[in-house]
file input22.csv (CSV, C-alpha atoms)
chain,number,residue,atom,x,y,z
U,156,MET,CA,49.2,-50.7,27.3
U,157,THR,CA,48.0,-47.3,26.4
U,158,PHE,CA,45.9,-48.4,23.4
U,159,VAL,CA,43.9,-50.9,25.5
U,160,SER,CA,43.6,-48.7,28.6
U,161,SER,CA,40.1,-47.5,29.8
U,162,ALA,CA,41.2,-43.9,29.3
U,163,ALA,CA,42.1,-44.5,25.6
U,164,LEU,CA,38.8,-46.2,25.0
U,165,THR,CA,36.9,-43.4,26.7
U,166,ASN,CA,38.6,-40.7,24.7
U,167,ALA,CA,37.9,-42.7,21.5
U,168,MET,CA,34.2,-42.9,22.4
U,169,ARG,CA,34.1,-39.1,23.1
U,170,TYR,CA,35.6,-38.4,19.7
U,171,GLN,CA,33.1,-40.6,18.0
U,172,GLN,CA,30.2,-38.9,20.0
U,173,MET,CA,31.3,-35.5,18.7
U,174,ARG,CA,31.3,-36.7,15.1
U,175,MET,CA,27.9,-38.4,15.5
U,176,GLN,CA,26.4,-35.3,17.2
U,177,ALA,CA,27.6,-33.1,14.3
U,178,ASP,CA,26.1,-35.6,11.9
U,179,LEU,CA,22.9,-35.6,13.9
U,180,VAL,CA,22.6,-31.8,13.6
U,181,LYS,CA,23.0,-32.0,9.9
U,182,ALA,CA,20.6,-34.9,9.5
U,183,THR,CA,18.0,-33.2,11.7
U,184,LYS,CA,18.2,-30.0,9.6
U,185,GLU,CA,17.8,-32.0,6.4
U,186,SER,CA,14.9,-34.0,7.8
U,187,SER,CA,13.0,-30.8,8.9
U,188,THR,CA,13.8,-28.7,5.7
U,189,GLY,CA,13.8,-31.4,3.1
U,190,LYS,CA,17.0,-29.8,1.7
U,191,VAL,CA,20.7,-30.6,2.1
U,192,ALA,CA,22.3,-29.0,5.1
U,193,ASP,CA,25.4,-27.8,3.4
U,194,VAL,CA,24.7,-26.7,-0.2
U,195,GLY,CA,28.3,-26.1,-1.1
U,196,LEU,CA,29.4,-29.6,0.1
U,197,ALA,CA,26.5,-31.4,-1.5
U,198,LEU,CA,26.4,-29.6,-4.9
U,199,GLY,CA,30.0,-28.7,-5.5
U,200,GLY,CA,30.3,-27.0,-8.9
U,201,ARG,CA,26.6,-26.5,-9.1
U,202,THR,CA,26.4,-24.4,-6.0
U,203,ALA,CA,26.5,-21.2,-8.1
U,204,GLN,CA,23.4,-22.3,-9.9
U,205,SER,CA,21.5,-22.9,-6.7
U,206,VAL,CA,22.6,-19.5,-5.2
U,207,THR,CA,21.4,-17.7,-8.4
U,208,PHE,CA,18.0,-19.4,-8.3
U,209,SER,CA,17.7,-18.5,-4.6
U,210,ARG,CA,18.6,-14.9,-5.2
U,211,ASP,CA,16.1,-14.5,-8.0
U,212,LEU,CA,13.5,-16.2,-5.9
U,213,ASP,CA,14.0,-13.8,-3.0
U,214,ARG,CA,13.7,-10.8,-5.4
U,215,LEU,CA,10.5,-12.1,-6.9
U,216,ASN,CA,9.0,-12.7,-3.4
U,217,VAL,CA,9.9,-9.2,-2.3
U,218,VAL,CA,8.1,-7.7,-5.4
U,219,VAL,CA,5.0,-9.9,-4.9
U,220,ASP,CA,4.8,-8.9,-1.3
U,221,SER,CA,5.1,-5.2,-2.3
U,222,ASN,CA,2.4,-5.7,-4.9
U,223,GLY,CA,0.1,-6.9,-2.1
U,224,LEU,CA,0.4,-3.5,-0.4
U,225,VAL,CA,0.0,-1.7,-3.7
U,226,ALA,CA,-3.2,-3.7,-4.5
U,227,ALA,CA,-4.6,-2.8,-1.1
U,228,ARG,CA,-3.9,0.9,-1.7
U,229,LEU,CA,-5.5,0.8,-5.1
U,230,SER,CA,-8.5,-1.1,-3.8
U,231,SER,CA,-9.0,1.6,-1.1
U,232,THR,CA,-8.5,4.3,-3.7
U,233,GLN,CA,-11.3,2.8,-5.9
U,234,THR,CA,-13.6,2.6,-2.9
U,235,SER,CA,-12.9,6.3,-2.1
U,236,LEU,CA,-13.4,7.3,-5.8
U,237,GLY,CA,-16.7,5.5,-5.8
U,238,GLN,CA,-17.8,7.4,-2.7
U,239,LEU,CA,-16.8,10.7,-4.4
U,240,SER,CA,-18.8,9.8,-7.4
U,241,SER,CA,-21.8,9.1,-5.2
U,242,VAL,CA,-21.4,12.4,-3.4
U,243,ALA,CA,-21.2,14.2,-6.7
U,244,GLN,CA,-24.3,12.5,-8.1
U,245,THR,CA,-26.3,13.4,-5.0
U,246,PHE,CA,-25.1,17.0,-5.3
U,247,LEU,CA,-26.0,17.1,-9.0
U,248,SER,CA,-29.5,15.8,-8.2
U,249,SER,CA,-30.0,18.6,-5.6
U,250,LEU,CA,-28.8,21.2,-8.1
U,251,THR,CA,-31.2,19.9,-10.8
U,252,THR,CA,-34.0,20.2,-8.3
U,253,ALA,CA,-32.9,23.7,-7.4
U,254,SER,CA,-32.8,24.8,-11.0
U,255,SER,CA,-36.4,23.9,-11.4
U,256,GLY,CA,-37.3,25.9,-8.3
U,257,ASP,CA,-38.3,23.0,-6.1
U,258,ASN,CA,-35.5,23.4,-3.6
U,259,SER,CA,-35.2,26.3,-1.2
U,260,ASP,CA,-31.9,28.2,-1.2
U,261,SER,CA,-31.1,27.1,2.3
U,262,LEU,CA,-31.6,23.4,1.4
U,263,THR,CA,-29.4,23.8,-1.7
U,264,GLN,CA,-26.8,25.7,0.4
U,265,SER,CA,-26.8,22.9,3.0
U,266,THR,CA,-26.3,20.2,0.3
U,267,GLY,CA,-23.3,22.2,-1.0
U,268,GLN,CA,-21.8,22.4,2.5
U,269,THR,CA,-22.3,18.7,3.0
U,270,THR,CA,-20.7,18.0,-0.3
U,271,ILE,CA,-17.5,20.0,0.5
U,272,GLN,CA,-17.3,18.4,3.9
U,273,GLN,CA,-17.7,14.8,2.5
U,274,LEU,CA,-15.2,15.6,-0.3
U,275,THR,CA,-12.6,16.7,2.2
U,276,SER,CA,-13.2,13.7,4.5
U,277,ILE,CA,-12.9,11.2,1.6
U,278,LEU,CA,-9.8,12.8,0.1
U,279,ASN,CA,-8.1,12.8,3.5
U,280,THR,CA,-8.6,9.0,3.8
U,281,SER,CA,-5.4,7.1,4.9
U,282,VAL,CA,-4.4,3.5,4.8
U,283,ASN,CA,-1.6,2.1,6.8
U,284,GLY,CA,-0.7,5.6,7.9
U,285,GLU,CA,-0.4,6.9,4.3
U,286,TYR,CA,-2.9,9.4,2.7
U,287,LEU,CA,-4.3,7.9,-0.5
U,288,PHE,CA,-4.7,11.2,-2.4
U,289,ALA,CA,-1.5,13.0,-1.4
U,290,GLY,CA,0.7,11.9,-4.3
U,291,THR,CA,4.2,11.4,-3.0
U,292,ASN,CA,3.6,13.6,0.1
U,293,THR,CA,1.9,10.7,1.9
U,294,ASP,CA,2.4,11.9,5.4
U,295,VAL,CA,0.5,15.2,5.0
U,296,LYS,CA,-3.3,15.6,4.7
U,297,PRO,CA,-3.9,16.3,1.0
U,298,ILE,CA,-6.9,18.7,1.4
U,299,ASN,CA,-7.5,21.6,3.8
U,300,ASP,CA,-11.0,22.4,5.2
U,301,PHE,CA,-13.2,24.9,3.4
U,302,THR,CA,-14.8,26.3,6.6
U,303,ALA,CA,-15.0,29.7,8.3
U,304,GLY,CA,-11.5,30.9,9.1
U,305,SER,CA,-9.7,28.5,6.8
U,306,PRO,CA,-7.3,29.9,4.2
U,307,ALA,CA,-9.4,28.7,1.3
U,308,LYS,CA,-12.7,30.2,2.7
U,309,ALA,CA,-10.9,33.4,3.6
U,310,ALA,CA,-9.5,33.7,0.1
U,311,PHE,CA,-13.0,33.1,-1.4
U,312,ASP,CA,-14.7,35.7,0.8
U,313,ALA,CA,-11.9,38.2,0.1
U,314,SER,CA,-12.2,37.8,-3.6
U,315,PHE,CA,-16.0,38.5,-3.4
U,316,VAL,CA,-15.4,41.7,-1.4
U,317,ALA,CA,-12.6,42.8,-3.8
U,318,LYS,CA,-14.9,42.2,-6.8
U,319,PHE,CA,-18.1,43.8,-5.5
U,320,GLY,CA,-17.0,46.1,-2.7
U,321,PHE,CA,-19.3,44.4,-0.1
U,322,PRO,CA,-19.8,40.9,1.4
U,323,PRO,CA,-22.6,38.6,0.2
U,324,SER,CA,-24.6,39.4,3.3
U,325,ASP,CA,-24.8,43.1,2.4
U,326,PRO,CA,-28.3,44.2,1.1
U,327,ALA,CA,-26.5,45.7,-1.9
U,328,ALA,CA,-25.7,42.1,-3.0
U,329,ALA,CA,-29.3,42.0,-4.2
U,330,ASN,CA,-28.3,44.2,-7.2
U,331,ILE,CA,-25.7,41.8,-8.5
U,332,THR,CA,-26.6,40.8,-12.1
U,333,ALA,CA,-26.2,37.4,-13.7
U,334,ALA,CA,-23.4,38.8,-15.9
U,335,GLN,CA,-21.5,40.2,-12.9
U,336,MET,CA,-21.8,36.8,-11.2
U,337,ASP,CA,-20.7,35.0,-14.3
U,338,ASP,CA,-17.6,37.3,-14.5
U,339,PHE,CA,-16.9,36.7,-10.8
U,340,ILE,CA,-17.0,33.0,-11.2
U,341,THR,CA,-14.9,32.9,-14.4
U,342,ASN,CA,-12.2,35.4,-13.4
U,343,ASP,CA,-12.0,35.2,-9.6
U,344,VAL,CA,-13.3,31.9,-8.4
U,345,THR,CA,-12.0,29.6,-11.2
U,346,PRO,CA,-8.3,30.5,-10.5
U,347,GLN,CA,-8.8,29.6,-6.9
U,348,PHE,CA,-9.8,26.0,-7.7
U,349,LEU,CA,-8.7,25.3,-11.3
U,350,GLY,CA,-5.5,27.5,-11.1
U,351,ALA,CA,-2.7,28.2,-8.8
U,352,GLY,CA,-4.9,29.0,-5.9
U,353,TRP,CA,-5.9,25.4,-5.5
U,354,GLN,CA,-2.4,24.3,-4.2
U,355,THR,CA,-2.0,27.6,-2.4
U,356,ASN,CA,-5.1,27.3,-0.2
U,357,MET,CA,-6.8,24.0,-0.6
U,358,SER,CA,-4.4,21.2,-1.6
U,359,ASN,CA,-1.2,19.9,0.0
U,360,ALA,CA,-0.9,17.0,-2.5
U,361,THR,CA,1.8,16.7,-5.1
U,362,ASP,CA,1.2,16.4,-8.8
U,363,GLN,CA,3.8,13.6,-8.9
U,364,GLN,CA,2.4,10.2,-8.0
U,365,ILE,CA,3.9,7.2,-6.3
U,366,VAL,CA,5.8,5.0,-8.8
U,367,SER,CA,6.0,1.3,-7.8
U,368,ARG,CA,8.0,-1.6,-9.2
U,369,ILE,CA,5.3,-4.2,-9.9
U,370,ALA,CA,7.6,-6.6,-11.7
U,371,LEU,CA,11.4,-7.0,-12.1
U,372,ASN,CA,11.3,-5.0,-15.3
U,373,GLU,CA,8.0,-3.0,-15.0
U,374,THR,CA,7.1,0.1,-13.0
U,375,THR,CA,3.9,2.1,-13.0
U,376,GLU,CA,2.1,4.9,-11.1
U,377,THR,CA,0.1,3.4,-8.3
U,378,SER,CA,-1.6,6.3,-6.6
U,379,THR,CA,-4.1,9.0,-7.4
U,380,GLY,CA,-3.8,12.7,-6.4
U,381,ALA,CA,-6.3,15.2,-5.1
U,382,ASN,CA,-5.2,17.6,-7.8
U,383,SER,CA,-7.2,16.0,-10.7
U,384,ASP,CA,-9.6,18.3,-12.6
U,385,GLY,CA,-12.7,16.3,-11.6
U,386,ILE,CA,-12.0,16.8,-7.9
U,387,ARG,CA,-11.2,20.5,-8.3
U,388,LYS,CA,-14.4,21.1,-10.2
U,389,LEU,CA,-16.5,19.3,-7.6
U,390,ALA,CA,-14.9,21.3,-4.9
U,391,MET,CA,-15.4,24.6,-6.8
U,392,ALA,CA,-19.1,23.9,-7.3
U,393,ALA,CA,-19.6,22.9,-3.7
U,394,ALA,CA,-17.8,26.1,-2.5
U,395,LEU,CA,-19.9,28.4,-4.7
U,396,VAL,CA,-23.2,26.9,-3.5
U,397,SER,CA,-22.2,26.6,0.2
U,398,SER,CA,-20.9,30.1,0.3
U,399,LEU,CA,-23.5,32.1,-1.7
U,400,MET,CA,-26.8,30.4,-2.0
U,401,SER,CA,-28.2,31.5,1.4
U,402,THR,CA,-27.0,35.1,1.1
U,403,ASN,CA,-28.5,38.3,-0.1
U,404,ILE,CA,-27.4,38.1,-3.7
U,405,SER,CA,-30.0,38.4,-6.4
U,406,GLN,CA,-32.0,35.4,-7.7
U,407,ALA,CA,-30.4,36.0,-11.2
U,408,ALA,CA,-27.0,35.6,-9.6
U,409,LYS,CA,-28.1,32.5,-7.8
U,410,ASP,CA,-29.4,31.0,-11.0
U,411,THR,CA,-26.0,31.7,-12.6
U,412,ILE,CA,-24.3,29.8,-9.7
U,413,ILE,CA,-26.7,26.9,-10.2
U,414,ASP,CA,-26.0,26.8,-13.9
U,415,HIS,CA,-22.2,26.9,-13.4
U,416,SER,CA,-22.3,24.4,-10.6
U,417,GLN,CA,-24.4,21.9,-12.6
U,418,LYS,CA,-21.9,22.1,-15.5
U,419,LEU,CA,-18.9,21.7,-13.1
U,420,VAL,CA,-20.4,18.7,-11.3
U,421,GLY,CA,-21.3,17.0,-14.6
U,422,GLU,CA,-17.6,17.5,-15.7
U,423,ALA,CA,-16.5,16.3,-12.3
U,424,LEU,CA,-18.4,13.1,-12.6
U,425,SER,CA,-16.8,12.4,-15.9
U,426,GLY,CA,-13.3,13.2,-14.6
U,427,ILE,CA,-13.8,11.0,-11.5
U,428,ALA,CA,-15.0,8.1,-13.8
U,429,GLN,CA,-11.9,8.5,-15.9
U,430,VAL,CA,-9.6,8.3,-12.8
U,431,GLN,CA,-11.6,5.2,-11.7
U,432,SER,CA,-10.9,3.7,-15.1
U,433,GLN,CA,-7.2,4.5,-15.0
U,434,THR,CA,-7.0,3.1,-11.4
U,435,GLY,CA,-8.7,-0.1,-12.6
U,436,ILE,CA,-6.2,-0.5,-15.4
U,437,VAL,CA,-3.3,-0.2,-12.9
U,438,GLN,CA,-5.0,-2.7,-10.6
U,439,LYS,CA,-5.2,-5.2,-13.5
U,440,ARG,CA,-1.5,-4.6,-14.4
U,441,VAL,CA,-0.5,-5.2,-10.8
U,442,SER,CA,-2.6,-8.4,-10.6
U,443,ASP,CA,-1.3,-9.8,-13.9
U,444,ALA,CA,2.3,-9.0,-12.9
U,445,SER,CA,1.9,-10.8,-9.5
U,446,ASP,CA,0.4,-13.8,-11.3
U,447,ARG,CA,3.3,-14.0,-13.7
U,448,MET,CA,5.8,-13.7,-10.9
U,449,LYS,CA,4.1,-16.4,-8.9
U,450,THR,CA,4.5,-18.7,-11.9
U,451,GLN,CA,8.2,-17.8,-12.0
U,452,ILE,CA,8.5,-18.4,-8.2
U,453,ASP,CA,7.0,-21.9,-8.6
U,454,LEU,CA,9.5,-22.7,-11.4
U,455,PHE,CA,12.4,-21.4,-9.3
U,456,GLU,CA,11.3,-23.4,-6.3
U,457,ARG,CA,11.1,-26.5,-8.4
U,458,HIS,CA,14.6,-26.0,-9.8
U,459,ILE,CA,16.0,-25.4,-6.3
U,460,LEU,CA,14.3,-28.6,-5.0
U,461,ASP,CA,15.7,-30.5,-7.9
U,462,LEU,CA,19.2,-29.4,-6.8
U,463,GLU,CA,18.9,-29.4,-3.0
U,464,ALA,CA,16.2,-31.8,-2.1
U,465,VAL,CA,16.9,-34.9,0.1
U,466,ASP,CA,14.9,-38.1,0.6
U,467,PRO,CA,12.8,-37.3,3.7
U,468,ALA,CA,12.5,-41.0,4.7
U,469,GLU,CA,16.2,-41.5,4.4
U,470,ALA,CA,16.9,-38.4,6.4
U,471,ALA,CA,14.5,-39.4,9.1
U,472,THR,CA,16.1,-42.9,9.3
U,473,ARG,CA,19.6,-41.3,9.7
U,474,VAL,CA,18.3,-39.2,12.5
U,475,ALA,CA,16.9,-42.2,14.3
U,476,ASN,CA,20.0,-44.3,13.8
U,477,LEU,CA,22.4,-41.5,14.9
U,478,THR,CA,20.2,-40.9,18.0
U,479,GLN,CA,20.4,-44.5,18.9
U,480,HIS,CA,24.1,-44.7,18.4
U,481,ILE,CA,24.7,-41.6,20.5
U,482,GLU,CA,22.6,-43.0,23.3
U,483,THR,CA,24.5,-46.3,23.2
U,484,SER,CA,27.8,-44.5,23.1
U,485,PHE,CA,26.9,-42.4,26.2
U,486,ALA,CA,26.0,-45.7,28.0
U,487,LEU,CA,29.3,-47.3,27.1
U,488,THR,CA,31.3,-44.3,28.0
U,489,ALA,CA,29.6,-44.2,31.4
U,490,ARG,CA,30.5,-47.9,32.0
U,491,LEU,CA,34.1,-47.4,30.9
U,492,GLN,CA,34.5,-44.4,33.3
U,493,GLN,CA,33.4,-46.7,36.1
U,494,LEU,CA,36.3,-49.2,35.4
U,495,SER,CA,39.2,-48.9,37.9
U,496,LEU,CA,41.9,-51.3,39.0
U,497,LEU,CA,41.2,-50.3,42.5
U,498,ASN,CA,38.0,-52.3,42.3
U,499,TYR,CA,40.1,-55.5,41.8
U,500,LEU,CA,42.9,-54.9,44.4
U,501,THR,CA,42.5,-56.8,47.6
call {"tool": "encode", "arguments": {"input": "input22.csv", "output": "structure tokens"}}
result
Amino acid sequence: MTFVSSAALTNAMRYQQMRMQADLVKATKESSTGKVADVGLALGGRTAQSVTFSRDLDRLNVVVDSNGLVAARLSSTQTSLGQLSSVAQTFLSSLTTASSGDNSDSLTQSTGQTTIQQLTSILNTSVNGEYLFAGTNTDVKPINDFTAGSPAKAAFDASFVAKFGFPPSDPAAANITAAQMDDFITNDVTPQFLGAGWQTNMSNATDQQIVSRIALNETTETSTGANSDGIRKLAMAAALVSSLMSTNISQAAKDTIIDHSQKLVGEALSGIAQVQSQTGIVQKRVSDASDRMKTQIDLFERHILDLEAVDPAEAATRVANLTQHIETSFALTARLQQLSLLNYLT
């Protein structure tokens, strides 16, 4: 009598419920994702092909996401370089006016001071916690201040005293000739900005730039450092003007400073434009690489769908049918559990 007992029927219903619940989980997953729930079971020998496509797809998506961050950094760099170019152009206009005698020394000095402050602020720009112009040393400010008490300003002032034997504020500074000032700029100031003194006193940036993988088989430098010649020359011109134009040095020495500074700023503008151009080329490479990979991503996704896709209507129908069968099974099980011979004994 075991095979027709209520206990046997109840246990059989429970086993069937467990199977249907497992099938429901599988069908629900397929209905929501549009893909087979168990790739290995569904594809058999073609599973390796699907796994390979998925792996390559993940790698491409990672590089594309990385390129988004690279593109943002390069865009911010271009904006900063544009600001530097504008600052340099304003400074050059002031120097041109000063060379014709239409600007006072104090106004020219103030423009130089503003220029060095703006240059420092722009070069110390950070995006997402990383300094744009620091090279690979992205967690350290790339440029130090050129203000009273700073190492760079102290080195500049010390070199003047060492050269002439007195500070620029000394009345004896009125006797400095144009040739002496030219010699001072060439042999004492230039090494501080265009030589080793730049990274000793002014810059914390590295010459090595960030190298990013912009495609599976392509890498490129994706940052710009504060050690480029254009930036150094602009800083040198601003330092000369801000430090010496309102002092007691002779007019001939001041004219020499103006002449040197005009030449430096002109070369700085050219150097900054070149860096902008190089950055633009990198931006185009990153954009093109991302476009190519997005095309590849689309192809991989199509191949994966061809292998793993299920009919959404059929999957939804299976979910509905299994849900109905499970509900019916629960109802029958409940009725069977209520059967007892005790109910029929008198």
call {"tool": "closest_atom_pairs", "arguments": {"input": "input22.csv", "of": "region 250-284 of chain U", "to": "region 230-239 of chain U", "cutoff": "8 Å", "atoms": "all atoms listed in the file", "output": "CSV"}}
result
residue,atom,partner,partner_atom,distance
U:Leu274,CA,U:Leu239,CA,6.6
U:Ile277,CA,U:Ser235,CA,6.1
U:Leu278,CA,U:Ser235,CA,7.5
U:Thr280,CA,U:Ser235,CA,7.8
U:Val282,CA,U:Ser231,CA,7.7
call {"tool": "write_last_selection", "arguments": {"input": "input22.csv", "atoms": "C-alpha atoms", "output": "PDB file, in the frame of the given file"}}
result
ATOM      1  CA  LEU U 274     -15.200  15.600  -0.300  1.00  0.00           C
ATOM      2  CA  ILE U 277     -12.900  11.200   1.600  1.00  0.00           C
ATOM      3  CA  LEU U 278      -9.800  12.800   0.100  1.00  0.00           C
ATOM      4  CA  THR U 280      -8.600   9.000   3.800  1.00  0.00           C
ATOM      5  CA  VAL U 282      -4.400   3.500   4.800  1.00  0.00           C
TER       6      VAL U 282
END
call {"tool": "residues_around", "arguments": {"input": "input22.csv", "residues": "region 213-225 of chain U", "least_positions_apart": "2", "cutoff": "7 Å", "atoms": "only C-alpha atoms", "output": "list in words"}}
result
Ser209, Arg210, Asp211, Ala227, Arg228, Leu229, Ile369, Ala370, Thr377, Val441, Ser445, Met448 and Ile452 of chain U
call {"tool": "write_last_selection", "arguments": {"input": "input22.csv", "atoms": "C-alpha atoms", "output": "mmCIF file, in the frame of the given file"}}
result
data_model
loop_
_atom_site.group_PDB
_atom_site.id
_atom_site.type_symbol
_atom_site.label_atom_id
_atom_site.label_comp_id
_atom_site.auth_asym_id
_atom_site.auth_seq_id
_atom_site.Cartn_x
_atom_site.Cartn_y
_atom_site.Cartn_z
ATOM 1 C CA SER U 209 17.700 -18.500 -4.600
ATOM 2 C CA ARG U 210 18.600 -14.900 -5.200
ATOM 3 C CA ASP U 211 16.100 -14.500 -8.000
ATOM 4 C CA ALA U 227 -4.600 -2.800 -1.100
ATOM 5 C CA ARG U 228 -3.900 0.900 -1.700
ATOM 6 C CA LEU U 229 -5.500 0.800 -5.100
ATOM 7 C CA ILE U 369 5.300 -4.200 -9.900
ATOM 8 C CA ALA U 370 7.600 -6.600 -11.700
ATOM 9 C CA THR U 377 0.100 3.400 -8.300
ATOM 10 C CA VAL U 441 -0.500 -5.200 -10.800
ATOM 11 C CA SER U 445 1.900 -10.800 -9.500
ATOM 12 C CA MET U 448 5.800 -13.700 -10.900
ATOM 13 C CA ILE U 452 8.500 -18.400 -8.200
#
call {"tool": "atom_distance", "arguments": {"input": "input22.csv", "atom1": "CA of Glu285 (chain U)", "atom2": "CA of Trp353 (chain U)"}}
result
21.6 Å
call {"tool": "residues_around", "arguments": {"input": "input22.csv", "residues": "region 240-250 of chain U", "least_positions_apart": "5", "cutoff": "10 Å", "atoms": "all atoms listed in the file", "output": "ChimeraX atom specification"}}
result
/U:234-235,255-258,262-264,266-267,269-271,273-274,277,385-386,389-390,392-393,396,412-414,416-421,423-428,431
call {"tool": "residues_near_point", "arguments": {"input": "input22.csv", "point": "(-29.8, 40.5, -2.5)", "cutoff": "10 Å", "atoms": "only C-alpha atoms", "output": "list in words"}}
result
Pro323, Ser324, Asp325, Pro326, Ala327, Ala328, Ala329, Asn330, Ile331, Ser401, Thr402, Asn403, Ile404, Ser405, Gln406, Ala407, Ala408 and Lys409 of chain U
call {"tool": "closest_residue", "arguments": {"input": "input22.csv", "among": "U:Thr478, U:Gln347, U:Ser259, U:Ser378", "to": "Thr434 (chain U)", "atoms": "all atoms listed in the file"}}
result
U:Ser378
